[in-house]
Amino acid sequence: MPEDNKNNTMSAMLMNEHAIISKENKEKRFKKDPDINIITKEEFEDRVSKVFKLLWKSLSKSFGPYGAPTIIYNHPFSHITKDGFTIMKNLSLNASETYLDEAIANMASDICGRLNYTVGDGTTSAVIATYSVYNRYNEDKDFFNNNSILPRDILSRYNSIKDEIIESLNEKIIPVNTNDRDKLKDIISKVVYISSNGDNQITEYISDFYKELGCPGITCNISDDRTTKRKLIEGYKHDASLMDRAYINSDNDTMELSDTDVLIFTKRVTLSTYEYILKPLSQECKYRGRHLICIAPSYDESALHGKIERELNEEKNKTKDVNLVLTNYRAISAFDKKAIADLAVLLNTLTINSEIEGKLIDEIKRGKSPVDVFNLDDRGIDNISVLAYVTNHNGQTGAMKILSGDEASYEEIKQYNGEIVKNADSGFRVGFIRKCTIGLKESLFSDFVYDKEMYDLILKDAEVDLKEKEKRYSKLGTFNLEVADARKRLYSLSLKTGVIEIGAESELSQRMIKDSVDDALRASNSAYNHGVVLGCNVNLIQSIFDVREKAQKENRLLDYRLLDILLKGFCDVYTTVLRNAFEDKIVHNAKEIREILNSMAKYTINDYEDNIDDFSMDRMISSMTDDSEGNSISLYDAIVNYSVLTNQVFDVANMVFTTDVINSVETDRQILRATVDLISLLITGNQIVITQKHNFED
């Protein structure tokens, strides 16, 4: 063989051998193809559907009066509940395979959390409605695909028709905030009973407070001795809230203070406000043994998270306390502005705006001390520490001294120790409160030292304002938020607040019962402020039906189809309540329905002769069925449709149709909004990036 050919053959063999070795090395080095932490649109939609089915199965079992209670267990404690949101927020999904399931559940929980926070109810309704709507959407998916209707088009239409439905629902509102205290108690009792899942004690506590107070002036705390009780205390509730949890000094997530000085601003607190007013004044208050509360609508972010926060943290680390207590409040509406002005009168001070702050800072810059600019001492308040000049019997003035409030009254200090350094007209009067509980959402101020003449003036103003607004809107015959705000202001100035203290055998149960009572308070508050509608979404179903008929007349075919899906979804919510109470049956007429319901009733009742109109029921059944099938219909469908036809709710606890099952109209509004938001999560799924590491199969 020629040398060149031999060399070429050897080279080819070496190259082939190298290729084989490289291939083997590659197979060892790379066991699988590259992957990336993206879940595709198709995978996401499939997973969302499965997660929602789990949520639906978990929550629907607890729905309605006959829903099964759920045990929440956290070793070594357990708690039994039927509250949908409590159950939902304690659910967790296995993240061993993918974080996606947990992400989907958290997104759903966030939407339901907003719903629960607003009205204290409706989580289960929203999840059941969403799951039903989604299933019916899938049944019609070919229609949407064949007509090139994209998910974003569907959601756009749902967001539009949602407003139409709410507008129709608003026409069915029954106002709650009435001057008839007995009627108010009766309505609130019905709302709370539903919201609290039939808790008779909490229903009684809350409804009794409404009768006594005439307004939603109720708070809920954890009981120190673990016994549930109620008490009425004097005080003024305001939404001034703590800026930081570091202030909390009680088991109720609040800061409890007594004999405290207060400044109220109607402007943003800046670094200048802190350096020239708050910081030096807080030192003077601390010298006298008192905290200083700053109540302001907002704070300059750079100042707050810079020097202010740093110095307050240093004080906290050194003394285990912060003398300057920063709080903020909402200052958007006219009601908000009146509320803070009323609080200023009760604290016997003035609010500080930009003009007043400028003048105060100018005086300090010219060399005046805080005690020259602010009146902390000569305020006519007994039993507090003040700064005074001590005089002897010859009238000679001695050194300044701090006088303890429990040693002498204000008048005694003036009589025996000489005049207080300051007098009432010599400085800006700092507010004062004997007792206050400042929370993360609202505060309660009590035991005031106010000017009675000024208090009587704002009380009279509140009475006149309410009468004017009631007269102005009485001609409209509809609920108006201005009237509700005017009533709330007047009742708040009565300075009475109901307190419910929650007790239980374990901390877990105590905390969960408190959450349930807080939900019931939100539900009753929402009913008071917005009015009520029939429960089981009956009025909402009627509104969807009305808008669907309107869409058909206007030839809005897509809207009609979407409304039909939504209508069936909310009918399924009602049906779930019935399903948890009794088994379904096939019925043919009103007589059969009456016999079935009477047989299931706990007691012998003869109300059905008046409770069910045979003609209306039989006519309804006939209109819903095909004659070839013998006019048979599901008992569930008959009850739901008869409710919608006669404007009544079927009370499964007593087996009668009634108008007593009610809830806040805002609950139905928010359930509808939450359902549309949840549907958007289900049908517009896109690819999703899971950022946690090691989120791949082995």
# chains A, B, ... in the order shown; residues from 1 in each chain; ligands from 1
$ residues_around --residues "A:Phe335" --least-positions-apart "4" --cutoff "9 Å" --atoms "only C-alpha atoms" --output "list in words"
Ala331, Ala339, Ile340, Glu482, Asp485, Ala486 and Arg489 of chain A
$ closest_atom_pairs --of "stretch 262-347 of chain A" --to "stretch 354-360 of chain A" --cutoff "10 Å" --atoms "only C-alpha atoms" --output "JSON lines"
{"residue": "A:Phe265", "atom": "CA", "partner": "A:Ser354", "partner_atom": "CA", "distance": 8.7}
{"residue": "A:Thr266", "atom": "CA", "partner": "A:Ser354", "partner_atom": "CA", "distance": 7.9}
{"residue": "A:Lys267", "atom": "CA", "partner": "A:Ser354", "partner_atom": "CA", "distance": 6.3}
{"residue": "A:Arg268", "atom": "CA", "partner": "A:Ser354", "partner_atom": "CA", "distance": 8.6}
{"residue": "A:Val269", "atom": "CA", "partner": "A:Ser354", "partner_atom": "CA", "distance": 9.8}
{"residue": "A:Ser272", "atom": "CA", "partner": "A:Glu357", "partner_atom": "CA", "distance": 9.7}
{"residue": "A:Thr273", "atom": "CA", "partner": "A:Glu357", "partner_atom": "CA", "distance": 7.7}
{"residue": "A:Tyr276", "atom": "CA", "partner": "A:Leu360", "partner_atom": "CA", "distance": 8.7}
{"residue": "A:Ile277", "atom": "CA", "partner": "A:Leu360", "partner_atom": "CA", "distance": 8.0}
$ write_last_selection --atoms "N, CA and C atoms" --output "JSON list (two decimals), in the first residue's frame"
[["chain", "number", "residue", "atom", "x", "y", "z"],
["A", 265, "PHE", "N", -51.90, 66.47, 62.06],
["A", 265, "PHE", "CA", -51.53, 67.21, 60.85],
["A", 265, "PHE", "C", -52.53, 66.91, 59.73],
["A", 266, "THR", "N", -52.79, 67.90, 58.91],
["A", 266, "THR", "CA", -53.58, 67.67, 57.70],
["A", 266, "THR", "C", -52.68, 67.76, 56.47],
["A", 267, "LYS", "N", -51.39, 67.76, 56.68],
["A", 267, "LYS", "CA", -50.39, 67.84, 55.62],
["A", 267, "LYS", "C", -49.38, 66.72, 55.80],
["A", 268, "ARG", "N", -48.56, 66.54, 54.79],
["A", 268, "ARG", "CA", -47.51, 65.52, 54.85],
["A", 268, "ARG", "C", -46.45, 65.91, 55.87],
["A", 269, "VAL", "N", -46.00, 64.95, 56.65],
["A", 269, "VAL", "CA", -44.91, 65.17, 57.59],
["A", 269, "VAL", "C", -43.59, 65.07, 56.84],
["A", 272, "SER", "N", -38.36, 68.46, 57.99],
["A", 272, "SER", "CA", -38.43, 69.69, 58.79],
["A", 272, "SER", "C", -39.46, 69.56, 59.91],
["A", 273, "THR", "N", -40.60, 68.94, 59.60],
["A", 273, "THR", "CA", -41.63, 68.70, 60.62],
["A", 273, "THR", "C", -41.03, 67.90, 61.77],
["A", 276, "TYR", "N", -37.89, 70.04, 63.63],
["A", 276, "TYR", "CA", -38.22, 71.26, 64.37],
["A", 276, "TYR", "C", -39.42, 71.10, 65.31],
["A", 277, "ILE", "N", -40.29, 70.13, 65.03],
["A", 277, "ILE", "CA", -41.50, 70.00, 65.86],
["A", 277, "ILE", "C", -41.54, 68.67, 66.60]]
$ select_by_dssp --residues "stretch 502-696 of chain A" --states "alpha helix (DSSP H)" --output "PDB file with C-alpha atoms, in the first residue's frame"
ATOM      1  CA  GLU A 507     -54.823  29.896  70.750  1.00  0.00           C
ATOM      2  CA  LEU A 508     -55.523  28.363  67.338  1.00  0.00           C
ATOM      3  CA  SER A 509     -59.285  28.300  67.937  1.00  0.00           C
ATOM      4  CA  GLN A 510     -59.192  31.733  69.527  1.00  0.00           C
ATOM      5  CA  ARG A 511     -57.438  33.216  66.515  1.00  0.00           C
ATOM      6  CA  MET A 512     -59.717  31.524  63.991  1.00  0.00           C
ATOM      7  CA  ILE A 513     -62.906  32.441  65.860  1.00  0.00           C
ATOM      8  CA  LYS A 514     -61.691  36.027  65.960  1.00  0.00           C
ATOM      9  CA  ASP A 515     -61.161  35.911  62.187  1.00  0.00           C
ATOM     10  CA  SER A 516     -64.722  34.624  61.806  1.00  0.00           C
ATOM     11  CA  VAL A 517     -66.132  37.394  64.014  1.00  0.00           C
ATOM     12  CA  ASP A 518     -64.101  39.990  62.113  1.00  0.00           C
ATOM     13  CA  ASP A 519     -65.687  38.646  58.916  1.00  0.00           C
ATOM     14  CA  ALA A 520     -69.158  38.913  60.463  1.00  0.00           C
ATOM     15  CA  LEU A 521     -68.410  42.496  61.519  1.00  0.00           C
ATOM     16  CA  ARG A 522     -67.302  43.345  57.987  1.00  0.00           C
ATOM     17  CA  ALA A 523     -70.439  41.717  56.589  1.00  0.00           C
ATOM     18  CA  SER A 524     -72.715  43.685  58.931  1.00  0.00           C
ATOM     19  CA  ASN A 525     -70.754  46.882  58.314  1.00  0.00           C
ATOM     20  CA  SER A 526     -71.060  46.361  54.559  1.00  0.00           C
ATOM     21  CA  ALA A 527     -74.803  45.710  54.894  1.00  0.00           C
ATOM     22  CA  TYR A 528     -75.240  48.869  56.955  1.00  0.00           C
ATOM     23  CA  ASN A 529     -73.307  51.027  54.493  1.00  0.00           C
ATOM     24  CA  HIS A 530     -74.505  49.524  51.189  1.00  0.00           C
ATOM     25  CA  VAL A 538     -81.061  35.214  44.046  1.00  0.00           C
ATOM     26  CA  ASN A 539     -81.143  38.915  43.180  1.00  0.00           C
ATOM     27  CA  LEU A 540     -77.824  38.562  41.347  1.00  0.00           C
ATOM     28  CA  ILE A 541     -79.244  35.680  39.295  1.00  0.00           C
ATOM     29  CA  GLN A 542     -82.294  37.829  38.504  1.00  0.00           C
ATOM     30  CA  SER A 543     -80.018  40.664  37.375  1.00  0.00           C
ATOM     31  CA  ILE A 544     -77.957  38.363  35.133  1.00  0.00           C
ATOM     32  CA  PHE A 545     -81.207  37.038  33.656  1.00  0.00           C
ATOM     33  CA  ASP A 546     -82.501  40.588  33.000  1.00  0.00           C
ATOM     34  CA  VAL A 547     -79.266  41.632  31.280  1.00  0.00           C
ATOM     35  CA  ARG A 548     -79.288  38.401  29.240  1.00  0.00           C
ATOM     36  CA  GLU A 549     -82.820  39.162  27.994  1.00  0.00           C
ATOM     37  CA  LYS A 550     -81.722  42.694  27.128  1.00  0.00           C
ATOM     38  CA  ALA A 551     -78.728  41.358  25.179  1.00  0.00           C
ATOM     39  CA  GLN A 552     -81.028  39.033  23.223  1.00  0.00           C
ATOM     40  CA  LYS A 553     -83.364  41.876  22.286  1.00  0.00           C
ATOM     41  CA  LEU A 557     -75.302  37.237  20.520  1.00  0.00           C
ATOM     42  CA  LEU A 558     -71.871  36.892  22.151  1.00  0.00           C
ATOM     43  CA  ASP A 559     -73.044  38.735  25.257  1.00  0.00           C
ATOM     44  CA  TYR A 560     -76.136  36.525  25.412  1.00  0.00           C
ATOM     45  CA  ARG A 561     -73.995  33.389  25.274  1.00  0.00           C
ATOM     46  CA  LEU A 562     -71.598  34.642  27.953  1.00  0.00           C
ATOM     47  CA  LEU A 563     -74.458  35.767  30.200  1.00  0.00           C
ATOM     48  CA  ASP A 564     -76.103  32.356  29.822  1.00  0.00           C
ATOM     49  CA  ILE A 565     -72.863  30.709  30.995  1.00  0.00           C
ATOM     50  CA  LEU A 566     -72.647  33.124  33.938  1.00  0.00           C
ATOM     51  CA  LEU A 567     -76.309  32.572  34.802  1.00  0.00           C
ATOM     52  CA  LYS A 568     -75.875  28.805  34.999  1.00  0.00           C
ATOM     53  CA  GLY A 569     -72.694  29.258  37.037  1.00  0.00           C
ATOM     54  CA  PHE A 570     -74.436  31.235  39.785  1.00  0.00           C
ATOM     55  CA  CYS A 571     -77.428  28.870  39.712  1.00  0.00           C
ATOM     56  CA  ASP A 572     -74.909  26.130  40.512  1.00  0.00           C
ATOM     57  CA  VAL A 573     -73.827  28.113  43.599  1.00  0.00           C
ATOM     58  CA  TYR A 574     -77.420  28.009  44.854  1.00  0.00           C
ATOM     59  CA  THR A 575     -77.724  24.341  43.908  1.00  0.00           C
ATOM     60  CA  THR A 576     -74.610  23.504  45.973  1.00  0.00           C
ATOM     61  CA  VAL A 577     -76.367  24.804  49.095  1.00  0.00           C
ATOM     62  CA  LEU A 578     -79.319  22.519  48.317  1.00  0.00           C
ATOM     63  CA  ARG A 579     -77.087  19.552  47.487  1.00  0.00           C
ATOM     64  CA  ASN A 580     -75.391  19.747  50.883  1.00  0.00           C
ATOM     65  CA  ALA A 581     -78.802  19.761  52.592  1.00  0.00           C
ATOM     66  CA  ALA A 590     -96.044  21.709  43.035  1.00  0.00           C
ATOM     67  CA  LYS A 591     -97.905  19.055  45.010  1.00  0.00           C
ATOM     68  CA  GLU A 592     -94.943  16.659  44.819  1.00  0.00           C
ATOM     69  CA  ILE A 593     -92.545  19.409  45.843  1.00  0.00           C
ATOM     70  CA  ARG A 594     -94.663  20.294  48.863  1.00  0.00           C
ATOM     71  CA  GLU A 595     -94.856  16.667  49.970  1.00  0.00           C
ATOM     72  CA  ILE A 596     -91.101  16.141  49.583  1.00  0.00           C
ATOM     73  CA  LEU A 597     -90.200  19.289  51.510  1.00  0.00           C
ATOM     74  CA  ASN A 598     -92.672  18.534  54.293  1.00  0.00           C
ATOM     75  CA  SER A 599     -91.221  15.042  54.642  1.00  0.00           C
ATOM     76  CA  MET A 600     -87.732  16.546  55.126  1.00  0.00           C
ATOM     77  CA  TYR A 608     -96.621  25.275  52.284  1.00  0.00           C
ATOM     78  CA  GLU A 609    -100.217  25.942  51.348  1.00  0.00           C
ATOM     79  CA  ASP A 610     -99.314  29.638  51.524  1.00  0.00           C
ATOM     80  CA  ASN A 611     -95.596  29.252  50.976  1.00  0.00           C
ATOM     81  CA  ASP A 614     -99.240  25.819  43.003  1.00  0.00           C
ATOM     82  CA  PHE A 615    -100.164  27.700  39.848  1.00  0.00           C
ATOM     83  CA  SER A 616     -96.827  29.554  39.621  1.00  0.00           C
ATOM     84  CA  MET A 617     -94.805  26.439  40.403  1.00  0.00           C
ATOM     85  CA  ASP A 618     -96.670  24.201  37.931  1.00  0.00           C
ATOM     86  CA  ARG A 619     -96.493  26.834  35.215  1.00  0.00           C
ATOM     87  CA  MET A 620     -92.774  27.248  35.787  1.00  0.00           C
ATOM     88  CA  ILE A 621     -92.148  23.480  35.609  1.00  0.00           C
ATOM     89  CA  SER A 622     -94.157  23.250  32.403  1.00  0.00           C
ATOM     90  CA  SER A 623     -92.198  26.066  30.786  1.00  0.00           C
ATOM     91  CA  MET A 624     -88.864  24.456  31.657  1.00  0.00           C
ATOM     92  CA  LEU A 635     -86.039  19.362  42.483  1.00  0.00           C
ATOM     93  CA  TYR A 636     -82.939  21.578  42.724  1.00  0.00           C
ATOM     94  CA  ASP A 637     -83.790  23.327  39.439  1.00  0.00           C
ATOM     95  CA  ALA A 638     -87.388  23.774  40.524  1.00  0.00           C
ATOM     96  CA  ILE A 639     -86.367  25.434  43.811  1.00  0.00           C
ATOM     97  CA  VAL A 640     -83.799  27.738  42.182  1.00  0.00           C
ATOM     98  CA  ASN A 641     -86.144  28.853  39.421  1.00  0.00           C
ATOM     99  CA  TYR A 642     -89.095  29.261  41.773  1.00  0.00           C
ATOM    100  CA  SER A 643     -86.892  31.476  43.989  1.00  0.00           C
ATOM    101  CA  VAL A 644     -86.019  33.670  41.036  1.00  0.00           C
ATOM    102  CA  LEU A 645     -89.657  33.779  39.902  1.00  0.00           C
ATOM    103  CA  THR A 646     -91.124  34.723  43.309  1.00  0.00           C
ATOM    104  CA  VAL A 665     -75.343  43.844  48.213  1.00  0.00           C
ATOM    105  CA  GLU A 666     -71.613  44.551  48.207  1.00  0.00           C
ATOM    106  CA  THR A 667     -71.046  40.831  48.807  1.00  0.00           C
ATOM    107  CA  ASP A 668     -72.806  39.969  45.543  1.00  0.00           C
ATOM    108  CA  ARG A 669     -70.997  42.757  43.698  1.00  0.00           C
ATOM    109  CA  GLN A 670     -67.612  41.580  44.934  1.00  0.00           C
ATOM    110  CA  ILE A 671     -68.419  37.902  44.257  1.00  0.00           C
ATOM    111  CA  LEU A 672     -69.256  38.830  40.667  1.00  0.00           C
ATOM    112  CA  ARG A 673     -66.032  40.836  40.312  1.00  0.00           C
ATOM    113  CA  ALA A 674     -63.963  38.066  41.915  1.00  0.00           C
ATOM    114  CA  THR A 675     -65.539  35.475  39.613  1.00  0.00           C
ATOM    115  CA  VAL A 676     -64.616  37.501  36.523  1.00  0.00           C
ATOM    116  CA  ASP A 677     -61.056  37.919  37.883  1.00  0.00           C
ATOM    117  CA  LEU A 678     -60.769  34.196  38.594  1.00  0.00           C
ATOM    118  CA  ILE A 679     -62.136  33.303  35.147  1.00  0.00           C
ATOM    119  CA  SER A 680     -59.414  35.460  33.618  1.00  0.00           C
ATOM    120  CA  LEU A 681     -56.890  33.302  35.467  1.00  0.00           C
ATOM    121  CA  LEU A 682     -58.478  30.159  34.048  1.00  0.00           C
ATOM    122  CA  ILE A 683     -59.031  31.014  30.391  1.00  0.00           C
TER     123      ILE A 683
END
$ residues_around --residues "A:Asn138" --least-positions-apart "2" --cutoff "12 Å" --atoms "only C-alpha atoms" --output "JSON, numbers by chain"
{"A": [45, 46, 49, 131, 132, 133, 134, 135, 136, 140, 141, 142, 143, 144, 145, 151, 562, 565, 679, 682, 683]}
$ closest_residue --among "A:Lys89, A:Arg379, A:Lys237, A:Lys41" --to "A:Ser446" --atoms "only C-alpha atoms"
A:Lys237
$ residues_around --residues "A:Arg226" --least-positions-apart "4" --cutoff "7 Å" --atoms "only C-alpha atoms" --output "PyMOL selection string"
chain A and resi 502-505
$ write_last_selection --atoms "all heavy atoms" --output "short mmCIF file (atom, residue, chain, number, x, y, z; two decimals), in the first residue's frame"
data_model
loop_
_atom_site.label_atom_id
_atom_site.label_comp_id
_atom_site.auth_asym_id
_atom_site.auth_seq_id
_atom_site.Cartn_x
_atom_site.Cartn_y
_atom_site.Cartn_z
N ILE A 502 -62.95 37.56 72.35
CA ILE A 502 -63.07 36.17 71.92
C ILE A 502 -62.24 35.26 72.82
O ILE A 502 -61.05 35.47 73.02
CB ILE A 502 -62.60 36.00 70.46
CG1 ILE A 502 -63.43 36.89 69.54
CG2 ILE A 502 -62.68 34.55 70.04
CD1 ILE A 502 -64.92 36.61 69.57
N GLY A 503 -62.91 34.24 73.34
CA GLY A 503 -62.22 33.23 74.13
C GLY A 503 -62.36 31.87 73.49
O GLY A 503 -63.28 31.63 72.71
N ALA A 504 -61.46 30.97 73.78
CA ALA A 504 -61.51 29.59 73.26
C ALA A 504 -60.51 28.74 74.05
O ALA A 504 -59.70 29.27 74.81
CB ALA A 504 -61.19 29.57 71.77
N GLU A 505 -60.58 27.43 73.84
CA GLU A 505 -59.71 26.54 74.59
C GLU A 505 -58.25 26.61 74.15
O GLU A 505 -57.35 26.34 74.93
CB GLU A 505 -60.22 25.10 74.44
CG GLU A 505 -61.59 24.87 75.10
CD GLU A 505 -62.04 23.43 74.96
OE1 GLU A 505 -61.31 22.64 74.31
OE2 GLU A 505 -63.11 23.09 75.47
#
